[in-house]
file final.pdb (PDB, C-alpha atoms, pLDDT in the B column)
ATOM      1  CA  MET A 240       0.000   0.000   0.000  1.00 84.00           C
ATOM      2  CA  THR A 241       1.331   3.412  -0.984  1.00 96.00           C
ATOM      3  CA  PHE A 242       1.085   6.194   1.599  1.00 98.00           C
ATOM      4  CA  SER A 243      -0.690   8.984  -0.290  1.00 98.00           C
ATOM      5  CA  ALA A 244      -0.473  12.653   0.717  1.00 98.00           C
ATOM      6  CA  THR A 245      -2.673  15.382  -0.737  1.00 98.00           C
ATOM      7  CA  ILE A 246      -1.686  18.938   0.146  1.00 98.00           C
ATOM      8  CA  LEU A 247      -4.090  21.853  -0.228  1.00 98.00           C
ATOM      9  CA  THR A 248      -2.007  24.998  -0.467  1.00 98.00           C
ATOM     10  CA  LEU A 249      -1.584  28.395  -2.094  1.00 98.00           C
ATOM     11  CA  TYR A 250       2.035  27.438  -2.834  1.00 98.00           C
ATOM     12  CA  PRO A 251       2.101  23.983  -4.463  1.00 98.00           C
ATOM     13  CA  GLU A 252       5.638  24.623  -5.714  1.00 98.00           C
ATOM     14  CA  MET A 253       6.844  24.060  -2.129  1.00 98.00           C
ATOM     15  CA  PHE A 254       6.157  20.299  -2.500  1.00 98.00           C
ATOM     16  CA  PRO A 255       7.767  17.814  -2.362  1.00 98.00           C
ATOM     17  CA  GLY A 256      10.620  20.249  -1.702  1.00 97.00           C
ATOM     18  CA  PRO A 257      13.088  18.693   0.755  1.00 97.00           C
ATOM     19  CA  LEU A 258      10.998  15.509   0.756  1.00 98.00           C
ATOM     20  CA  GLY A 259      12.263  14.857  -2.753  1.00 98.00           C
ATOM     21  CA  VAL A 260      15.771  14.013  -1.504  1.00 97.00           C
ATOM     22  CA  SER A 261      17.426  11.683   1.029  1.00 96.00           C
ATOM     23  CA  LEU A 262      15.311   8.940   2.629  1.00 96.00           C
ATOM     24  CA  ALA A 263      11.972  10.487   1.672  1.00 98.00           C
ATOM     25  CA  GLY A 264      13.069  11.108  -1.907  1.00 98.00           C
ATOM     26  CA  ARG A 265      14.300   7.555  -2.328  1.00 97.00           C
ATOM     27  CA  ALA A 266      11.082   6.213  -0.799  1.00 98.00           C
ATOM     28  CA  MET A 267       9.043   8.308  -3.245  1.00 98.00           C
ATOM     29  CA  ALA A 268      11.079   7.014  -6.198  1.00 98.00           C
ATOM     30  CA  GLU A 269      10.468   3.464  -4.957  1.00 97.00           C
ATOM     31  CA  GLY A 270       6.721   4.065  -4.778  1.00 97.00           C
ATOM     32  CA  LYS A 271       6.447   3.815  -0.996  1.00 98.00           C
ATOM     33  CA  TRP A 272       4.652   7.162  -0.827  1.00 98.00           C
ATOM     34  CA  ALA A 273       3.148   9.678  -3.225  1.00 98.00           C
ATOM     35  CA  CYS A 274       2.413  13.390  -3.005  1.00 97.00           C
ATOM     36  CA  GLU A 275      -0.038  15.549  -4.927  1.00 98.00           C
ATOM     37  CA  THR A 276      -0.953  19.190  -4.430  1.00 98.00           C
ATOM     38  CA  LEU A 277      -4.165  21.109  -4.967  1.00 98.00           C
ATOM     39  CA  GLN A 278      -3.986  24.838  -5.568  1.00 98.00           C
ATOM     40  CA  ILE A 279      -6.656  26.350  -3.303  1.00 98.00           C
ATOM     41  CA  ARG A 280      -6.975  29.349  -5.613  1.00 98.00           C
ATOM     42  CA  ASP A 281      -8.298  27.077  -8.379  1.00 98.00           C
ATOM     43  CA  PHE A 282     -11.512  26.683  -6.395  1.00 98.00           C
ATOM     44  CA  ALA A 283     -12.312  30.393  -6.138  1.00 97.00           C
ATOM     45  CA  THR A 284     -15.335  31.386  -8.237  1.00 92.00           C
ATOM     46  CA  ASP A 285     -14.710  35.069  -8.971  1.00 93.00           C
ATOM     47  CA  LYS A 286     -12.552  36.445 -11.774  1.00 94.00           C
ATOM     48  CA  HIS A 287      -9.846  37.523  -9.317  1.00 95.00           C
ATOM     49  CA  ARG A 288      -9.625  34.010  -7.799  1.00 96.00           C
ATOM     50  CA  THR A 289     -10.104  35.425  -4.310  1.00 97.00           C
ATOM     51  CA  VAL A 290      -9.335  33.071  -1.437  1.00 98.00           C
ATOM     52  CA  ASP A 291      -9.436  35.472   1.523  1.00 97.00           C
ATOM     53  CA  ASP A 292     -11.331  38.434   2.940  1.00 97.00           C
ATOM     54  CA  THR A 293     -11.190  40.886   5.840  1.00 97.00           C
ATOM     55  CA  PRO A 294     -11.942  39.606   9.362  1.00 96.00           C
ATOM     56  CA  ALA A 295     -15.530  39.970  10.551  1.00 96.00           C
ATOM     57  CA  GLY A 296     -15.535  42.428  13.430  1.00 96.00           C
ATOM     58  CA  GLY A 297     -12.411  44.186  12.167  1.00 95.00           C
ATOM     59  CA  GLY A 298      -8.742  43.621  12.832  1.00 95.00           C
ATOM     60  CA  ALA A 299      -5.505  43.137  10.967  1.00 94.00           C
ATOM     61  CA  GLY A 300      -4.827  40.653   8.208  1.00 95.00           C
ATOM     62  CA  MET A 301      -7.043  38.493   6.058  1.00 97.00           C
ATOM     63  CA  VAL A 302      -8.978  35.263   6.668  1.00 97.00           C
ATOM     64  CA  LEU A 303      -9.193  32.258   4.342  1.00 98.00           C
ATOM     65  CA  LYS A 304     -12.720  31.853   2.996  1.00 98.00           C
ATOM     66  CA  CYS A 305     -14.697  28.825   4.140  1.00 98.00           C
ATOM     67  CA  ASP A 306     -16.590  28.373   0.844  1.00 97.00           C
ATOM     68  CA  VAL A 307     -13.407  28.190  -1.239  1.00 98.00           C
ATOM     69  CA  LEU A 308     -11.674  25.860   1.227  1.00 98.00           C
ATOM     70  CA  ALA A 309     -14.684  23.550   1.395  1.00 98.00           C
ATOM     71  CA  GLN A 310     -14.758  23.262  -2.389  1.00 98.00           C
ATOM     72  CA  ALA A 311     -11.067  22.399  -2.400  1.00 98.00           C
ATOM     73  CA  LEU A 312     -11.440  19.796   0.350  1.00 98.00           C
ATOM     74  CA  ASP A 313     -14.484  18.200  -1.226  1.00 96.00           C
ATOM     75  CA  SER A 314     -12.508  17.685  -4.433  1.00 97.00           C
ATOM     76  CA  ALA A 315     -10.008  15.436  -2.656  1.00 96.00           C
ATOM     77  CA  PRO A 316     -11.546  12.012  -1.967  1.00 90.00           C
ATOM     78  CA  SER A 317     -10.593  10.992   1.548  1.00 92.00           C
ATOM     79  CA  ALA A 318     -10.335   7.237   0.841  1.00 91.00           C
ATOM     80  CA  GLY A 319     -10.080   6.752   4.596  1.00 95.00           C
ATOM     81  CA  ARG A 320      -7.362   9.370   4.968  1.00 98.00           C
ATOM     82  CA  PRO A 321      -7.592  11.786   7.911  1.00 98.00           C
ATOM     83  CA  ILE A 322      -7.745  15.507   7.136  1.00 98.00           C
ATOM     84  CA  LEU A 323      -5.331  17.775   9.016  1.00 98.00           C
ATOM     85  CA  ALA A 324      -5.586  21.563   9.038  1.00 98.00           C
ATOM     86  CA  MET A 325      -2.337  23.245  10.005  1.00 98.00           C
ATOM     87  CA  THR A 326      -3.077  26.049  12.456  1.00 96.00           C
ATOM     88  CA  PRO A 327      -1.493  27.388  15.671  1.00 95.00           C
ATOM     89  CA  ARG A 328      -4.951  27.014  17.233  1.00 95.00           C
ATOM     90  CA  GLY A 329      -4.717  23.248  16.796  1.00 96.00           C
ATOM     91  CA  LYS A 330      -3.640  20.468  19.105  1.00 96.00           C
ATOM     92  CA  PRO A 331       0.146  19.909  19.071  1.00 96.00           C
ATOM     93  CA  ILE A 332       1.084  16.854  17.030  1.00 96.00           C
ATOM     94  CA  THR A 333       2.701  13.981  18.935  1.00 95.00           C
ATOM     95  CA  GLN A 334       4.908  11.087  17.931  1.00 95.00           C
ATOM     96  CA  ALA A 335       2.089   8.720  18.892  1.00 94.00           C
ATOM     97  CA  ARG A 336      -0.229  10.465  16.412  1.00 97.00           C
ATOM     98  CA  ILE A 337       2.506  10.400  13.758  1.00 97.00           C
ATOM     99  CA  ARG A 338       2.770   6.614  14.190  1.00 97.00           C
ATOM    100  CA  GLU A 339      -1.002   6.293  13.741  1.00 98.00           C
ATOM    101  CA  LEU A 340      -0.904   8.366  10.568  1.00 98.00           C
ATOM    102  CA  ALA A 341       2.039   6.391   9.164  1.00 98.00           C
ATOM    103  CA  GLN A 342       0.128   3.134   9.611  1.00 97.00           C
ATOM    104  CA  GLY A 343      -2.795   4.409   7.541  1.00 98.00           C
ATOM    105  CA  PRO A 344      -3.419   4.996   3.838  1.00 98.00           C
ATOM    106  CA  GLY A 345      -2.114   8.560   3.903  1.00 98.00           C
ATOM    107  CA  VAL A 346      -3.239  12.042   4.845  1.00 98.00           C
ATOM    108  CA  ILE A 347      -4.866  15.189   3.462  1.00 98.00           C
ATOM    109  CA  ILE A 348      -3.273  18.377   4.771  1.00 98.00           C
ATOM    110  CA  LEU A 349      -4.813  21.835   4.521  1.00 98.00           C
ATOM    111  CA  CYS A 350      -2.210  24.580   4.854  1.00 98.00           C
ATOM    112  CA  GLY A 351      -3.282  27.778   6.566  1.00 95.00           C
ATOM    113  CA  ARG A 352      -2.135  31.270   5.603  1.00 95.00           C
ATOM    114  CA  PHE A 353      -2.765  34.854   6.670  1.00 94.00           C
ATOM    115  CA  GLU A 354      -4.813  35.102   9.901  1.00 94.00           C
ATOM    116  CA  GLY A 355      -6.113  31.563   9.498  1.00 95.00           C
ATOM    117  CA  PHE A 356      -9.379  29.852   8.583  1.00 97.00           C
ATOM    118  CA  ASP A 357     -12.997  30.939   8.765  1.00 97.00           C
ATOM    119  CA  GLU A 358     -14.175  28.915  11.770  1.00 98.00           C
ATOM    120  CA  ARG A 359     -17.311  27.789   9.957  1.00 97.00           C
ATOM    121  CA  LEU A 360     -15.169  25.409   7.908  1.00 98.00           C
ATOM    122  CA  PHE A 361     -14.526  23.308  11.014  1.00 98.00           C
ATOM    123  CA  GLU A 362     -18.148  23.527  12.117  1.00 98.00           C
ATOM    124  CA  ALA A 363     -19.320  22.231   8.724  1.00 98.00           C
ATOM    125  CA  ARG A 364     -16.551  19.634   8.374  1.00 97.00           C
ATOM    126  CA  PRO A 365     -16.063  18.264  11.925  1.00 97.00           C
ATOM    127  CA  GLU A 366     -13.847  15.467  10.608  1.00 97.00           C
ATOM    128  CA  ILE A 367     -11.043  17.997  10.097  1.00 98.00           C
ATOM    129  CA  GLU A 368      -8.330  17.621  12.736  1.00 98.00           C
ATOM    130  CA  GLN A 369      -6.820  20.976  13.690  1.00 98.00           C
ATOM    131  CA  VAL A 370      -3.103  20.440  14.275  1.00 97.00           C
ATOM    132  CA  SER A 371      -0.166  22.618  15.286  1.00 97.00           C
ATOM    133  CA  LEU A 372       3.515  21.797  15.006  1.00 94.00           C
ATOM    134  CA  ALA A 373       4.603  23.563  18.199  1.00 93.00           C
ATOM    135  CA  ASP A 374       3.950  26.728  20.187  1.00 93.00           C
ATOM    136  CA  ILE A 375       5.225  28.873  17.343  1.00 94.00           C
ATOM    137  CA  VAL A 376       3.652  30.857  14.505  1.00 94.00           C
ATOM    138  CA  LEU A 377       4.866  30.279  10.937  1.00 95.00           C
ATOM    139  CA  SER A 378       4.176  32.243   7.766  1.00 95.00           C
ATOM    140  CA  GLY A 379       1.986  29.378   6.606  1.00 97.00           C
ATOM    141  CA  GLY A 380       1.173  25.734   7.118  1.00 97.00           C
ATOM    142  CA  GLU A 381       3.415  24.433   4.368  1.00 98.00           C
ATOM    143  CA  MET A 382       6.576  24.103   6.465  1.00 97.00           C
ATOM    144  CA  ALA A 383       4.607  22.348   9.191  1.00 98.00           C
ATOM    145  CA  ALA A 384       3.060  20.019   6.614  1.00 98.00           C
ATOM    146  CA  LEU A 385       6.513  19.122   5.266  1.00 98.00           C
ATOM    147  CA  THR A 386       7.674  18.329   8.791  1.00 98.00           C
ATOM    148  CA  ILE A 387       4.700  16.119   9.564  1.00 98.00           C
ATOM    149  CA  LEU A 388       5.069  14.267   6.280  1.00 98.00           C
ATOM    150  CA  ASP A 389       8.774  13.696   6.914  1.00 98.00           C
ATOM    151  CA  ALA A 390       7.969  12.262  10.350  1.00 98.00           C
ATOM    152  CA  CYS A 391       5.423   9.886   8.794  1.00 98.00           C
ATOM    153  CA  ILE A 392       7.486   8.823   5.774  1.00 98.00           C
ATOM    154  CA  ARG A 393      10.510   7.722   7.792  1.00 97.00           C
ATOM    155  CA  LEU A 394       8.241   5.260   9.654  1.00 97.00           C
ATOM    156  CA  LEU A 395       6.897   3.598   6.514  1.00 98.00           C
ATOM    157  CA  PRO A 396       8.032  -0.021   6.070  1.00 96.00           C
ATOM    158  CA  GLY A 397      11.439  -0.246   4.439  1.00 95.00           C
ATOM    159  CA  VAL A 398      12.252   3.465   4.559  1.00 97.00           C
ATOM    160  CA  MET A 399      14.637   3.435   7.543  1.00 91.00           C
ATOM    161  CA  GLY A 400      15.946  -0.063   6.991  1.00 74.00           C
ATOM    162  CA  ALA A 401      15.684  -2.041  10.231  1.00 58.00           C
ATOM    163  CA  ALA A 402      12.132  -2.062  11.561  1.00 55.00           C
ATOM    164  CA  SER A 403      13.395  -1.227  15.054  1.00 47.00           C
ATOM    165  CA  SER A 404      15.439   1.809  13.965  1.00 52.00           C
ATOM    166  CA  GLY A 405      13.066   4.288  15.559  1.00 54.00           C
ATOM    167  CA  ASP A 406      12.117   2.404  18.705  1.00 59.00           C
ATOM    168  CA  ASP A 407      14.544   4.185  21.053  1.00 59.00           C
ATOM    169  CA  GLU A 408      14.180   7.679  19.641  1.00 61.00           C
ATOM    170  CA  SER A 409      12.920  10.712  21.506  1.00 54.00           C
ATOM    171  CA  PHE A 410       9.218  10.673  22.450  1.00 61.00           C
ATOM    172  CA  GLU A 411       8.677   6.998  21.603  1.00 64.00           C
ATOM    173  CA  GLN A 412       8.533   6.047  25.298  1.00 70.00           C
ATOM    174  CA  SER A 413       7.567   9.500  26.626  1.00 79.00           C
ATOM    175  CA  LEU A 414      11.281  10.147  27.129  1.00 91.00           C
ATOM    176  CA  ILE A 415      13.841  12.073  25.116  1.00 93.00           C
ATOM    177  CA  GLU A 416      16.604   9.958  23.640  1.00 93.00           C
ATOM    178  CA  TYR A 417      19.896   9.255  25.413  1.00 95.00           C
ATOM    179  CA  PRO A 418      23.040  11.066  24.148  1.00 95.00           C
ATOM    180  CA  HIS A 419      25.167   9.560  21.396  1.00 96.00           C
ATOM    181  CA  TYR A 420      28.935   9.339  20.830  1.00 96.00           C
ATOM    182  CA  THR A 421      31.242   8.105  18.086  1.00 96.00           C
ATOM    183  CA  ARG A 422      34.947   8.115  17.160  1.00 94.00           C
ATOM    184  CA  PRO A 423      37.395   9.652  17.898  1.00 96.00           C
ATOM    185  CA  GLN A 424      37.499   8.298  21.437  1.00 96.00           C
ATOM    186  CA  GLN A 425      39.314  11.422  22.649  1.00 96.00           C
ATOM    187  CA  TRP A 426      38.353  14.895  21.437  1.00 96.00           C
ATOM    188  CA  GLU A 427      39.438  18.217  22.980  1.00 97.00           C
ATOM    189  CA  GLY A 428      40.082  16.475  26.288  1.00 96.00           C
ATOM    190  CA  ARG A 429      36.688  14.792  26.322  1.00 96.00           C
ATOM    191  CA  THR A 430      36.283  11.011  26.318  1.00 97.00           C
ATOM    192  CA  ILE A 431      33.444   8.734  25.304  1.00 96.00           C
ATOM    193  CA  PRO A 432      31.864   7.414  28.551  1.00 97.00           C
ATOM    194  CA  GLU A 433      33.609   4.254  29.700  1.00 97.00           C
ATOM    195  CA  VAL A 434      30.413   2.224  29.925  1.00 97.00           C
ATOM    196  CA  LEU A 435      29.855   2.653  26.176  1.00 97.00           C
ATOM    197  CA  ARG A 436      33.293   1.172  25.549  1.00 97.00           C
ATOM    198  CA  SER A 437      32.804  -1.740  27.948  1.00 97.00           C
ATOM    199  CA  GLY A 438      31.054  -4.154  25.576  1.00 96.00           C
ATOM    200  CA  ASP A 439      28.617  -4.990  28.393  1.00 97.00           C
ATOM    201  CA  HIS A 440      25.260  -4.621  26.655  1.00 98.00           C
ATOM    202  CA  ALA A 441      23.228  -4.835  29.850  1.00 98.00           C
ATOM    203  CA  LYS A 442      25.212  -2.023  31.452  1.00 98.00           C
ATOM    204  CA  ILE A 443      24.988   0.042  28.276  1.00 97.00           C
ATOM    205  CA  ALA A 444      21.211  -0.388  28.156  1.00 97.00           C
ATOM    206  CA  ALA A 445      20.908   0.594  31.818  1.00 97.00           C
ATOM    207  CA  TRP A 446      23.105   3.667  31.285  1.00 97.00           C
ATOM    208  CA  ARG A 447      21.062   4.765  28.286  1.00 96.00           C
ATOM    209  CA  LYS A 448      17.791   4.340  30.162  1.00 95.00           C
ATOM    210  CA  ALA A 449      19.127   6.311  33.136  1.00 97.00           C
ATOM    211  CA  ARG A 450      20.379   9.135  30.904  1.00 97.00           C
ATOM    212  CA  SER A 451      17.064   9.288  29.060  1.00 95.00           C
ATOM    213  CA  GLU A 452      15.253   9.630  32.358  1.00 95.00           C
ATOM    214  CA  GLU A 453      17.718  12.164  33.758  1.00 97.00           C
ATOM    215  CA  ASP A 454      17.670  14.361  30.655  1.00 96.00           C
ATOM    216  CA  THR A 455      13.890  14.175  30.299  1.00 94.00           C
ATOM    217  CA  ARG A 456      13.430  15.168  33.937  1.00 95.00           C
ATOM    218  CA  SER A 457      15.720  18.201  33.586  1.00 97.00           C
ATOM    219  CA  ARG A 458      14.876  19.335  30.041  1.00 96.00           C
ATOM    220  CA  ARG A 459      11.257  18.316  29.533  1.00 93.00           C
ATOM    221  CA  PRO A 460       9.385  18.259  32.861  1.00 95.00           C
ATOM    222  CA  ASP A 461       6.122  18.001  30.921  1.00 91.00           C
ATOM    223  CA  LEU A 462       7.207  14.703  29.369  1.00 90.00           C
ATOM    224  CA  TRP A 463       8.636  13.513  32.679  1.00 94.00           C
ATOM    225  CA  GLU A 464       5.319  14.086  34.435  1.00 93.00           C
ATOM    226  CA  ARG A 465       3.541  12.042  31.770  1.00 89.00           C
ATOM    227  CA  TYR A 466       6.167   9.291  31.992  1.00 91.00           C
ATOM    228  CA  GLU A 467       5.947   9.153  35.784  1.00 91.00           C
ATOM    229  CA  GLY A 468       2.166   8.988  35.591  1.00 87.00           C
ATOM    230  CA  ALA A 469       2.337   6.053  33.180  1.00 83.00           C
ATOM    231  CA  ARG A 470       4.759   4.182  35.455  1.00 79.00           C
ATOM    232  CA  VAL A 471       2.501   4.424  38.518  1.00 76.00           C
ATOM    233  CA  GLN A 472      -0.687   3.618  36.575  1.00 68.00           C
ATOM    234  CA  PRO A 473      -1.983   0.229  37.811  1.00 60.00           C
ATOM    235  CA  ALA A 474      -2.218  -2.526  35.252  1.00 54.00           C
ATOM    236  CA  SER A 475      -5.635  -2.919  33.625  1.00 52.00           C
ATOM    237  CA  GLY A 476      -5.868  -6.448  34.959  1.00 49.00           C
ATOM    238  CA  ALA A 477      -5.324  -5.215  38.500  1.00 48.00           C
ATOM    239  CA  ARG A 478      -8.068  -2.644  38.104  1.00 47.00           C
ATOM    240  CA  ARG A 479     -10.476  -5.302  36.862  1.00 44.00           C
ATOM    241  CA  LYS A 480      -9.592  -7.575  39.769  1.00 44.00           C
ATOM    242  CA  ASP A 481     -10.260  -4.777  42.252  1.00 45.00           C
ATOM    243  CA  LYS A 482     -13.689  -4.163  40.747  1.00 44.00           C
ATOM    244  CA  GLU A 483     -14.823  -7.789  40.572  1.00 44.00           C
ATOM    245  CA  PRO A 484     -16.292  -7.972  44.121  1.00 43.00           C
ATOM    246  CA  ASP A 485     -18.602  -5.036  43.307  1.00 42.00           C
ATOM    247  CA  GLN A 486     -19.951  -6.547  40.127  1.00 35.00           C
TER     248      GLN A 486
END

call {"tool": "encode", "arguments": {"input": "final.pdb", "output": "structure tokens"}}
result
Amino acid sequence: MTFSATILTLYPEMFPGPLGVSLAGRAMAEGKWACETLQIRDFATDKHRTVDDTPAGGGAGMVLKCDVLAQALDSAPSAGRPILAMTPRGKPITQARIRELAQGPGVIILCGRFEGFDERLFEARPEIEQVSLADIVLSGGEMAALTILDACIRLLPGVMGAASSGDDESFEQSLIEYPHYTRPQQWEGRTIPEVLRSGDHAKIAAWRKARSEEDTRSRRPDLWERYEGARVQPASGARRKDKEPDQ
């Protein structure tokens, strides 16, 4: 099955962009994923191909028109693909959600511009998932869409090589990844940690786990709180056992 991405954008020339090289580019050439773009402006009905208008109630900037966007979206058959709208008002994307997307048939991504979308689009099309990349504001949704696609493509079967290549990476276990080292052994008075040179795989695994926990706790307290909560969560079987006498 080919992972199929449809991008609705005012700047289709931005795609595939950097996704046309390296791992993603090779995967595209091998048919593991495909990308098509739809120019939102093609769905405007006036002679000026207008896609935006002034904000109701006043204010700076322009707002993307819901009627034009709906026409564009309706022209892209979903075929079971989720629809993402890139907006800073959306829910931050997570690695867990990326894994879900990568396991599916593909994705439709609507790229925001200007001040954003007319809210009625989301009221009329509740299946649209409003997504943000991070707590930042970009010039448009295209760069965020490229990032999300890259995160999905590298997880497709055969793209990274070994199926387990991404298992220990940051965010996969609610932890950031442990630090890495490589040759030379000595550099500017700094040495690769002895445990990594020991050949003792159990000790190496324990060191990596400890460093992941230590660095997550100090750098990402939000992730650490989630990780700690998951560790103290009772097993589902234990919860069922506790409830049995009341049933």

call {"tool": "atom_distance", "arguments": {"input": "final.pdb", "atom1": "atom CA of A:Ala335", "atom2": "atom CA of A:Cys391"}}
result
10.7 Å

call {"tool": "resolve_selection", "arguments": {"input": "final.pdb", "expression": "the PyMOL selection byres ((chain A and resi 463) around 12)", "output": "list in words"}}
result
Phe410, Gln412, Ser413, Leu414, Ile415, Ser451, Glu452, Glu453, Asp454, Thr455, Arg456, Ser457, Arg458, Arg459, Pro460, Asp461, Leu462, Glu464, Arg465, Tyr466, Glu467, Gly468, Ala469 and Arg470 of chain A

call {"tool": "closest_residue", "arguments": {"input": "final.pdb", "among": "A:Val290, A:Leu435, A:Leu394, A:Leu323", "to": "A:Leu349", "atoms": "only C-alpha atoms"}}
result
A:Leu323

call {"tool": "residues_around", "arguments": {"input": "final.pdb", "residues": "A:Gly300", "least_positions_apart": "6", "cutoff": "9 Å", "atoms": "all atoms listed in the file", "output": "list in words"}}
result
Asp292, Thr293, Pro294, Phe353 and Glu354 of chain A

call {"tool": "write_last_selection", "arguments": {"input": "final.pdb", "atoms": "C-alpha atoms", "output": "short mmCIF file (atom, residue, chain, number, x, y, z; two decimals), in the frame of the given file"}}
result
data_model
loop_
_atom_site.label_atom_id
_atom_site.label_comp_id
_atom_site.auth_asym_id
_atom_site.auth_seq_id
_atom_site.Cartn_x
_atom_site.Cartn_y
_atom_site.Cartn_z
CA ASP A 292 -11.33 38.43 2.94
CA THR A 293 -11.19 40.89 5.84
CA PRO A 294 -11.94 39.61 9.36
CA PHE A 353 -2.76 34.85 6.67
CA GLU A 354 -4.81 35.10 9.90
#

call {"tool": "resolve_selection", "arguments": {"input": "final.pdb", "expression": "the PyMOL selection byres ((chain A and resi 345) around 6)", "output": "compact mmCIF listing (two decimals) with C-alpha atoms, keeping the file's coordinate frame"}}
result
# COMPACT_ATOMS: atom_id res chain seq x y z
CA PHE A 242 1.08 6.19 1.60
CA SER A 243 -0.69 8.98 -0.29
CA ALA A 244 -0.47 12.65 0.72
CA ARG A 320 -7.36 9.37 4.97
CA GLY A 343 -2.80 4.41 7.54
CA PRO A 344 -3.42 5.00 3.84
CA VAL A 346 -3.24 12.04 4.84

call {"tool": "residues_around", "arguments": {"input": "final.pdb", "residues": "A:Gly264", "least_positions_apart": "6", "cutoff": "12 Å", "atoms": "only C-alpha atoms", "output": "list in words"}}
result
Phe254, Pro255, Gly256, Pro257, Leu258, Gly270, Lys271, Trp272, Ala273, Cys274, Leu388, Asp389, Ile392, Arg393 and Val398 of chain A

call {"tool": "write_last_selection", "arguments": {"input": "final.pdb", "atoms": "C-alpha atoms", "output": "PDB file, keeping the file's coordinate frame"}}
result
ATOM      1  CA  PHE A 254       6.157  20.299  -2.500  1.00 98.00           C
ATOM      2  CA  PRO A 255       7.767  17.814  -2.362  1.00 98.00           C
ATOM      3  CA  GLY A 256      10.620  20.249  -1.702  1.00 97.00           C
ATOM      4  CA  PRO A 257      13.088  18.693   0.755  1.00 97.00           C
ATOM      5  CA  LEU A 258      10.998  15.509   0.756  1.00 98.00           C
ATOM      6  CA  GLY A 270       6.721   4.065  -4.778  1.00 97.00           C
ATOM      7  CA  LYS A 271       6.447   3.815  -0.996  1.00 98.00           C
ATOM      8  CA  TRP A 272       4.652   7.162  -0.827  1.00 98.00           C
ATOM      9  CA  ALA A 273       3.148   9.678  -3.225  1.00 98.00           C
ATOM     10  CA  CYS A 274       2.413  13.390  -3.005  1.00 97.00           C
ATOM     11  CA  LEU A 388       5.069  14.267   6.280  1.00 98.00           C
ATOM     12  CA  ASP A 389       8.774  13.696   6.914  1.00 98.00           C
ATOM     13  CA  ILE A 392       7.486   8.823   5.774  1.00 98.00           C
ATOM     14  CA  ARG A 393      10.510   7.722   7.792  1.00 97.00           C
ATOM     15  CA  VAL A 398      12.252   3.465   4.559  1.00 97.00           C
TER      16      VAL A 398
END

call {"tool": "atom_distance", "arguments": {"input": "final.pdb", "atom1": "atom CA of A:Glu275", "atom2": "atom CA of A:Gly329"}}
result
23.5 Å

call {"tool": "closest_residue", "arguments": {"input": "final.pdb", "among": "A:Arg450, A:Gly400, A:Glu269, A:Thr276", "to": "A:Pro251", "atoms": "all atoms listed in the file"}}
result
A:Thr276

call {"tool": "atom_distance", "arguments": {"input": "final.pdb", "atom1": "atom CA of A:Leu360", "atom2": "atom CA of A:Ala309"}}
result
6.8 Å

call {"tool": "residues_around", "arguments": {"input": "final.pdb", "residues": "A:Pro365", "least_positions_apart": "3", "cutoff": "12 Å", "atoms": "all atoms listed in the file", "output": "ChimeraX atom specification"}}
result
/A:309,321-324,358-362,368-369

call {"tool": "closest_residue", "arguments": {"input": "final.pdb", "among": "A:Thr326, A:Gly397, A:Gln278, A:Asp374", "to": "A:Ala266", "atoms": "only C-alpha atoms"}}
result
A:Gly397
